[in-house]
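The structure appears right after this line, and notes come after that.
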Amino acid sequence: MDGDGFQGDRRPAVKPHSAPQDHNQFVEDPLAHFRAIPWCRKLLDDPMVLETIIVDRRPIPSGESSFVRRVMNTGTTVRACITFLRMAQPPRRRTANDQDMMVGAAPLSQSRELLRGGGDTDGENPRNPFLLVNALLDLGEDLCGYKGTLHGGLFTVLLDEVMGTAANYQAEHGAYTVRYNIDIRKAIKLPQIVMVRARVFRKEGRKIYVRGTIEDHQNDLMAEADGIWVQMGHNVGRSQL
């Protein structure tokens with residue numbers, strides 16, 4: 001998958017939120033839907049958030065992305081989804097004894113790997129930083145494998161989509177998956193709201209290295225993944241998920 005099925009625009013911008021006029025999601029106002037949930041609202045109100053995006057789920061005439069935009073876009077599959085972009089690390093401040101301290105000490109994630117990497121040695125361009133891409137998803141009961149439990153294959157779908165979105169921010173003409181590993185930690189009970197996170201941590205030529213997580217409302221890790229995406233050439237098409 002090329003993976004911006006849970007995001008609306010490939011290039012980040014510093015603004016409160018963006019959305020198509022007719023997003024075609026099951027929930028009429030996805031942003032209000034998640035802001036009504038205290039733990040989601042806390043995440044969205046973080047001052048480090050750069051932009052919140054109501055995901056465009058309108059069908060594409062060519063039929064591309066039908067699985068995400070049609071099959072996983074109902075009242076019993078994915079009821080609502082939004083993404084929000086934030087800096088991967090909080091800013092630093094100098095203390096009285098001249099030591100660096102992070103503003104906001106609480107870790108963003110229990111994943112030890114998600115926020116590692118980046119900087120000049122890993123190919124990060126300050127003008128296009130390795131942002132943390134976050135997707136809030138309201139998952140319904142028809143996504144189950146075993147009764148009341150998310151189908152194991154959908155862990156991969158959710159992560160691949162959001163990780164692909166992170167890769168696309170670092171690729172002028174999009175990127176495609178060439179390697180993918182996942183470690184499922186816990187079952188996801190349905191229905192449930194989860195957060196899927198992803199971040200590029202290294203670039204080498206056309207290769208883009210990405211890590212991702214699925215987390216619940218308590219920041220418990222449900223799954224971790226890593227993979228490699230490859231940038232497309234300027235004359236190669238890309239999926240518009």
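Please note that chains go A, B, ... in the order of the structure tokens, that every chain numbers its residues from 1, and that ligands are numbered from 1 in the order shown.
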Using only C-alpha atoms, tabulate the residues of stretch 98-170 of chain A lying at most 7 Å from any atom of stretch 63-80 of chain A, each with its closest atom pair and that distance in Å to one decimal, by chain and increasing residue number, as CSV.
residue,atom,partner,partner_atom,distance
A:Leu137,CA,A:Ala80,CA,6.0
A:Asp138,CA,A:Ala80,CA,5.4
A:Leu139,CA,A:Val78,CA,4.8
A:Gly140,CA,A:Thr76,CA,4.3
A:Glu141,CA,A:Thr76,CA,5.6
A:Asp142,CA,A:Thr76,CA,5.3
A:Leu143,CA,A:Thr77,CA,5.6
Can I get the selected residues back with N, CA, C and O atoms, as an mmCIF file, in the first residue's frame?
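The resulting file, again23.cif, is reproduced below:
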data_model
loop_
_atom_site.group_PDB
_atom_site.id
_atom_site.type_symbol
_atom_site.label_atom_id
_atom_site.label_comp_id
_atom_site.auth_asym_id
_atom_site.auth_seq_id
_atom_site.Cartn_x
_atom_site.Cartn_y
_atom_site.Cartn_z
ATOM 1 N N LEU A 137 -8.874 6.430 15.230
ATOM 2 C CA LEU A 137 -9.809 5.604 14.468
ATOM 3 C C LEU A 137 -10.860 5.012 15.400
ATOM 4 O O LEU A 137 -10.521 4.415 16.426
ATOM 5 N N ASP A 138 -12.125 5.159 15.031
ATOM 6 C CA ASP A 138 -13.224 4.560 15.776
ATOM 7 C C ASP A 138 -13.590 3.254 15.074
ATOM 8 O O ASP A 138 -14.266 3.252 14.038
ATOM 9 N N LEU A 139 -13.109 2.144 15.618
ATOM 10 C CA LEU A 139 -13.249 0.838 14.985
ATOM 11 C C LEU A 139 -14.522 0.139 15.441
ATOM 12 O O LEU A 139 -14.821 0.063 16.634
ATOM 13 N N GLY A 140 -15.276 -0.425 14.478
ATOM 14 C CA GLY A 140 -16.545 -1.070 14.775
ATOM 15 C C GLY A 140 -16.468 -2.582 14.816
ATOM 16 O O GLY A 140 -15.441 -3.202 14.494
ATOM 17 N N GLU A 141 -17.588 -3.200 15.159
ATOM 18 C CA GLU A 141 -17.642 -4.632 15.444
ATOM 19 C C GLU A 141 -17.469 -5.512 14.202
ATOM 20 O O GLU A 141 -17.126 -6.696 14.323
ATOM 21 N N ASP A 142 -17.685 -4.991 13.011
ATOM 22 C CA ASP A 142 -17.558 -5.820 11.812
ATOM 23 C C ASP A 142 -16.125 -5.961 11.317
ATOM 24 O O ASP A 142 -15.890 -6.521 10.236
ATOM 25 N N LEU A 143 -15.161 -5.505 12.081
ATOM 26 C CA LEU A 143 -13.746 -5.707 11.746
ATOM 27 C C LEU A 143 -13.153 -6.894 12.499
ATOM 28 O O LEU A 143 -11.946 -7.071 12.531
#
Mind the document's chain letters and residue numbers, and return as a PyMOL selection string the residues of stretch 4-238 of chain A that DSSP labels helix (DSSP H, G or I). chain A and resi 30-35+38-44+66-71+120-122+141-143+152-168
Taking a cut-off of 12 Å and counting only C-alpha atoms, can you build a table that, for each residue of stretch 108-196 of chain A near stretch 31-45 of chain A, reports the nearest atom pair and how far apart they are in Å (one decimal), sorted by chain then residue number, as a Markdown table?
| residue | atom | partner | partner_atom | distance |
| --- | --- | --- | --- | --- |
| A:Leu108 | CA | A:Leu43 | CA | 10.0 |
| A:Asn134 | CA | A:Leu43 | CA | 9.7 |
| A:Ala135 | CA | A:Cys40 | CA | 10.6 |
| A:Leu136 | CA | A:Cys40 | CA | 7.9 |
| A:Leu137 | CA | A:Phe34 | CA | 9.0 |
| A:Asp138 | CA | A:Phe34 | CA | 8.7 |
| A:Ile193 | CA | A:Cys40 | CA | 9.2 |
| A:Val194 | CA | A:Cys40 | CA | 9.5 |
| A:Met195 | CA | A:Cys40 | CA | 9.0 |
Write the selection just made, keeping all heavy atoms, as a PDB file, in the first residue's frame?
ATOM      1  N   LEU A 108       5.801  10.449  24.917  1.00  0.00           N
ATOM      2  CA  LEU A 108       4.676  10.401  23.995  1.00  0.00           C
ATOM      3  C   LEU A 108       4.155   8.985  23.825  1.00  0.00           C
ATOM      4  O   LEU A 108       2.970   8.775  23.591  1.00  0.00           O
ATOM      5  CB  LEU A 108       5.111  10.940  22.626  1.00  0.00           C
ATOM      6  CG  LEU A 108       5.304  12.439  22.505  1.00  0.00           C
ATOM      7  CD1 LEU A 108       5.813  12.784  21.113  1.00  0.00           C
ATOM      8  CD2 LEU A 108       4.002  13.160  22.781  1.00  0.00           C
ATOM      9  N   ASN A 134      -0.249  10.902  13.516  1.00  0.00           N
ATOM     10  CA  ASN A 134      -1.142  10.216  14.450  1.00  0.00           C
ATOM     11  C   ASN A 134      -2.523  10.100  13.827  1.00  0.00           C
ATOM     12  O   ASN A 134      -3.044  11.088  13.291  1.00  0.00           O
ATOM     13  CB  ASN A 134      -1.273  10.998  15.756  1.00  0.00           C
ATOM     14  CG  ASN A 134       0.059  11.401  16.342  1.00  0.00           C
ATOM     15  OD1 ASN A 134       0.610  10.728  17.197  1.00  0.00           O
ATOM     16  ND2 ASN A 134       0.595  12.534  15.889  1.00  0.00           N
ATOM     17  N   ALA A 135      -3.136   8.942  13.897  1.00  0.00           N
ATOM     18  CA  ALA A 135      -4.492   8.750  13.391  1.00  0.00           C
ATOM     19  C   ALA A 135      -5.377   8.199  14.503  1.00  0.00           C
ATOM     20  O   ALA A 135      -5.037   7.184  15.123  1.00  0.00           O
ATOM     21  CB  ALA A 135      -4.496   7.797  12.203  1.00  0.00           C
ATOM     22  N   LEU A 136      -6.489   8.877  14.757  1.00  0.00           N
ATOM     23  CA  LEU A 136      -7.507   8.373  15.675  1.00  0.00           C
ATOM     24  C   LEU A 136      -8.572   7.673  14.851  1.00  0.00           C
ATOM     25  O   LEU A 136      -9.103   8.232  13.888  1.00  0.00           O
ATOM     26  CB  LEU A 136      -8.133   9.526  16.469  1.00  0.00           C
ATOM     27  CG  LEU A 136      -7.258  10.130  17.568  1.00  0.00           C
ATOM     28  CD1 LEU A 136      -7.876  11.432  18.078  1.00  0.00           C
ATOM     29  CD2 LEU A 136      -7.069   9.142  18.722  1.00  0.00           C
ATOM     30  N   LEU A 137      -8.874   6.430  15.230  1.00  0.00           N
ATOM     31  CA  LEU A 137      -9.809   5.604  14.468  1.00  0.00           C
ATOM     32  C   LEU A 137     -10.860   5.012  15.400  1.00  0.00           C
ATOM     33  O   LEU A 137     -10.521   4.415  16.426  1.00  0.00           O
ATOM     34  CB  LEU A 137      -9.063   4.469  13.777  1.00  0.00           C
ATOM     35  CG  LEU A 137      -7.909   4.870  12.845  1.00  0.00           C
ATOM     36  CD1 LEU A 137      -7.101   3.645  12.465  1.00  0.00           C
ATOM     37  CD2 LEU A 137      -8.438   5.552  11.617  1.00  0.00           C
ATOM     38  N   ASP A 138     -12.125   5.159  15.031  1.00  0.00           N
ATOM     39  CA  ASP A 138     -13.224   4.560  15.776  1.00  0.00           C
ATOM     40  C   ASP A 138     -13.590   3.254  15.074  1.00  0.00           C
ATOM     41  O   ASP A 138     -14.266   3.252  14.038  1.00  0.00           O
ATOM     42  CB  ASP A 138     -14.416   5.523  15.793  1.00  0.00           C
ATOM     43  CG  ASP A 138     -15.523   5.062  16.722  1.00  0.00           C
ATOM     44  OD1 ASP A 138     -15.533   3.872  17.091  1.00  0.00           O
ATOM     45  OD2 ASP A 138     -16.392   5.886  17.073  1.00  0.00           O
ATOM     46  N   ILE A 193     -11.842   2.765  20.183  1.00  0.00           N
ATOM     47  CA  ILE A 193     -11.081   3.825  19.534  1.00  0.00           C
ATOM     48  C   ILE A 193      -9.609   3.582  19.810  1.00  0.00           C
ATOM     49  O   ILE A 193      -9.209   3.343  20.950  1.00  0.00           O
ATOM     50  CB  ILE A 193     -11.511   5.215  20.035  1.00  0.00           C
ATOM     51  CG1 ILE A 193     -12.937   5.520  19.571  1.00  0.00           C
ATOM     52  CG2 ILE A 193     -10.551   6.303  19.540  1.00  0.00           C
ATOM     53  CD1 ILE A 193     -13.511   6.790  20.151  1.00  0.00           C
ATOM     54  N   VAL A 194      -8.801   3.619  18.764  1.00  0.00           N
ATOM     55  CA  VAL A 194      -7.366   3.433  18.902  1.00  0.00           C
ATOM     56  C   VAL A 194      -6.633   4.590  18.230  1.00  0.00           C
ATOM     57  O   VAL A 194      -7.207   5.334  17.432  1.00  0.00           O
ATOM     58  CB  VAL A 194      -6.889   2.099  18.277  1.00  0.00           C
ATOM     59  CG1 VAL A 194      -7.533   0.919  18.979  1.00  0.00           C
ATOM     60  CG2 VAL A 194      -7.143   2.065  16.772  1.00  0.00           C
ATOM     61  N   MET A 195      -5.355   4.719  18.576  1.00  0.00           N
ATOM     62  CA  MET A 195      -4.495   5.682  17.911  1.00  0.00           C
ATOM     63  C   MET A 195      -3.377   4.928  17.216  1.00  0.00           C
ATOM     64  O   MET A 195      -2.691   4.102  17.834  1.00  0.00           O
ATOM     65  CB  MET A 195      -3.910   6.691  18.899  1.00  0.00           C
ATOM     66  CG  MET A 195      -2.999   7.712  18.217  1.00  0.00           C
ATOM     67  SD  MET A 195      -2.575   9.098  19.279  1.00  0.00           S
ATOM     68  CE  MET A 195      -1.756   8.239  20.614  1.00  0.00           C
TER      69      MET A 195
END
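Residue nearest A:Arg179 within the list A:Cys144, A:Leu50, A:Leu150, A:Val210: A:Val210 [criterion: smallest interatomic distance, only C-alpha atoms].
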Set the distance at 10 Å and use only C-alpha atoms: which residues neighbour A:Leu131 once local chain neighbours fewer than 3 positions away are removed? I'd like the list as a ChimeraX atom specification. /A:12,50,85-89,115,118,128,134,166,169-170,198-201
Extract, using only C-alpha atoms, all DNA, RNA and protein residues at most 9 Å from A:Gly227, discarding same-chain residues fewer than 2 positions from it, and format them as a PDB file with C-alpha atoms, in the first residue's frame.
ATOM      1  CA  ASP A 160       0.708   0.238   6.771  1.00  0.00           C
ATOM      2  CA  MET A 163       3.237   4.489   8.114  1.00  0.00           C
ATOM      3  CA  THR A 177       6.115  -0.479   0.676  1.00  0.00           C
ATOM      4  CA  VAL A 178       8.977  -2.921   0.036  1.00  0.00           C
ATOM      5  CA  ARG A 179       9.515  -4.432   3.498  1.00  0.00           C
ATOM      6  CA  TYR A 180       7.290  -4.665   6.556  1.00  0.00           C
ATOM      7  CA  ASN A 181       7.558  -6.300  10.006  1.00  0.00           C
ATOM      8  CA  ILE A 182       4.929  -6.282  12.751  1.00  0.00           C
ATOM      9  CA  ILE A 208      12.537   5.699   3.637  1.00  0.00           C
ATOM     10  CA  TYR A 209      12.630   3.850   6.965  1.00  0.00           C
ATOM     11  CA  VAL A 210       9.464   4.062   9.072  1.00  0.00           C
ATOM     12  CA  ARG A 211       8.293   2.867  12.477  1.00  0.00           C
ATOM     13  CA  GLY A 212       4.712   2.700  13.751  1.00  0.00           C
ATOM     14  CA  ALA A 225       5.928  -2.236  13.237  1.00  0.00           C
ATOM     15  CA  TRP A 229       9.253   2.471   1.665  1.00  0.00           C
TER      16      TRP A 229
END
Extract, using only C-alpha atoms, all DNA, RNA and protein residues at most 7 Å from A:Arg57, discarding same-chain residues fewer than 5 positions from it, and format them as a PyMOL selection string. chain A and resi 23-25+69
Written file, previous selection with all heavy atoms, as a PDB file, in the first residue's frame:
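The resulting file, selection_15.pdb, is reproduced below:
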ATOM      1  N   HIS A  23     -16.475  15.015   3.254  1.00  0.00           N
ATOM      2  CA  HIS A  23     -15.465  13.986   3.556  1.00  0.00           C
ATOM      3  C   HIS A  23     -15.989  12.570   3.383  1.00  0.00           C
ATOM      4  O   HIS A  23     -15.223  11.627   3.281  1.00  0.00           O
ATOM      5  CB  HIS A  23     -14.923  14.175   4.964  1.00  0.00           C
ATOM      6  CG  HIS A  23     -15.987  14.272   6.011  1.00  0.00           C
ATOM      7  ND1 HIS A  23     -16.757  13.205   6.402  1.00  0.00           N
ATOM      8  CD2 HIS A  23     -16.419  15.342   6.733  1.00  0.00           C
ATOM      9  CE1 HIS A  23     -17.618  13.595   7.344  1.00  0.00           C
ATOM     10  NE2 HIS A  23     -17.436  14.881   7.558  1.00  0.00           N
ATOM     11  N   ASN A  24     -17.318  12.393   3.409  1.00  0.00           N
ATOM     12  CA  ASN A  24     -17.945  11.099   3.155  1.00  0.00           C
ATOM     13  C   ASN A  24     -17.685  10.070   4.246  1.00  0.00           C
ATOM     14  O   ASN A  24     -17.792   8.866   4.018  1.00  0.00           O
ATOM     15  CB  ASN A  24     -17.514  10.528   1.797  1.00  0.00           C
ATOM     16  CG  ASN A  24     -18.427   9.389   1.330  1.00  0.00           C
ATOM     17  OD1 ASN A  24     -19.636   9.480   1.440  1.00  0.00           O
ATOM     18  ND2 ASN A  24     -17.840   8.319   0.821  1.00  0.00           N
ATOM     19  N   GLN A  25     -17.348  10.497   5.450  1.00  0.00           N
ATOM     20  CA  GLN A  25     -17.239   9.553   6.552  1.00  0.00           C
ATOM     21  C   GLN A  25     -18.627   9.268   7.135  1.00  0.00           C
ATOM     22  O   GLN A  25     -19.566  10.053   6.968  1.00  0.00           O
ATOM     23  CB  GLN A  25     -16.318  10.107   7.639  1.00  0.00           C
ATOM     24  CG  GLN A  25     -14.870  10.217   7.207  1.00  0.00           C
ATOM     25  CD  GLN A  25     -13.944  10.434   8.385  1.00  0.00           C
ATOM     26  OE1 GLN A  25     -14.120   9.849   9.455  1.00  0.00           O
ATOM     27  NE2 GLN A  25     -12.941  11.275   8.189  1.00  0.00           N
ATOM     28  N   ARG A  69     -11.677   3.426   1.378  1.00  0.00           N
ATOM     29  CA  ARG A  69     -12.701   4.458   1.226  1.00  0.00           C
ATOM     30  C   ARG A  69     -14.117   3.904   1.198  1.00  0.00           C
ATOM     31  O   ARG A  69     -15.069   4.647   1.465  1.00  0.00           O
ATOM     32  CB  ARG A  69     -12.432   5.273  -0.037  1.00  0.00           C
ATOM     33  CG  ARG A  69     -11.163   6.114   0.069  1.00  0.00           C
ATOM     34  CD  ARG A  69     -10.927   6.943  -1.175  1.00  0.00           C
ATOM     35  NE  ARG A  69      -9.703   7.728  -1.033  1.00  0.00           N
ATOM     36  CZ  ARG A  69      -9.651   9.051  -1.105  1.00  0.00           C
ATOM     37  NH1 ARG A  69     -10.766   9.748  -1.290  1.00  0.00           N
ATOM     38  NH2 ARG A  69      -8.507   9.681  -0.978  1.00  0.00           N
TER      39      ARG A  69
END
Tell me, as a list of chain:residue names, which residues lie within 9 Å of A:Arg185, counting only C-alpha atoms; anything in the same chain fewer than 5 positions away does not count. A:Leu221, A:Met222, A:Ala223, A:Glu224
Export of prior selection with N, CA and C atoms as a CSV table (one decimal), in the first residue's frame:
chain,number,residue,atom,x,y,z
A,221,LEU,N,0.7,-0.4,24.4
A,221,LEU,CA,1.1,-0.8,23.0
A,221,LEU,C,0.3,-2.0,22.6
A,222,MET,N,-0.5,-1.9,21.5
A,222,MET,CA,-1.2,-3.0,21.0
A,222,MET,C,-0.3,-3.7,19.9
A,223,ALA,N,0.5,-2.9,19.2
A,223,ALA,CA,1.3,-3.4,18.1
A,223,ALA,C,2.4,-2.4,17.8
A,224,GLU,N,3.6,-2.9,17.3
A,224,GLU,CA,4.7,-2.1,16.8
A,224,GLU,C,5.1,-2.7,15.4
Secondary structure check, strand (DSSP E) residues of chain A, as a PyMOL selection string: chain A and resi 17-18+49-54+78-86+92-94+100-102+132-139+175-184+192-204+207-215+221-231
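Of the residues listed (A:Gln192, A:Arg116, A:Gln218, A:Val27), A:Arg116 shows the shortest atom-to-atom separation from A:Phe130; distances use only C-alpha atoms.
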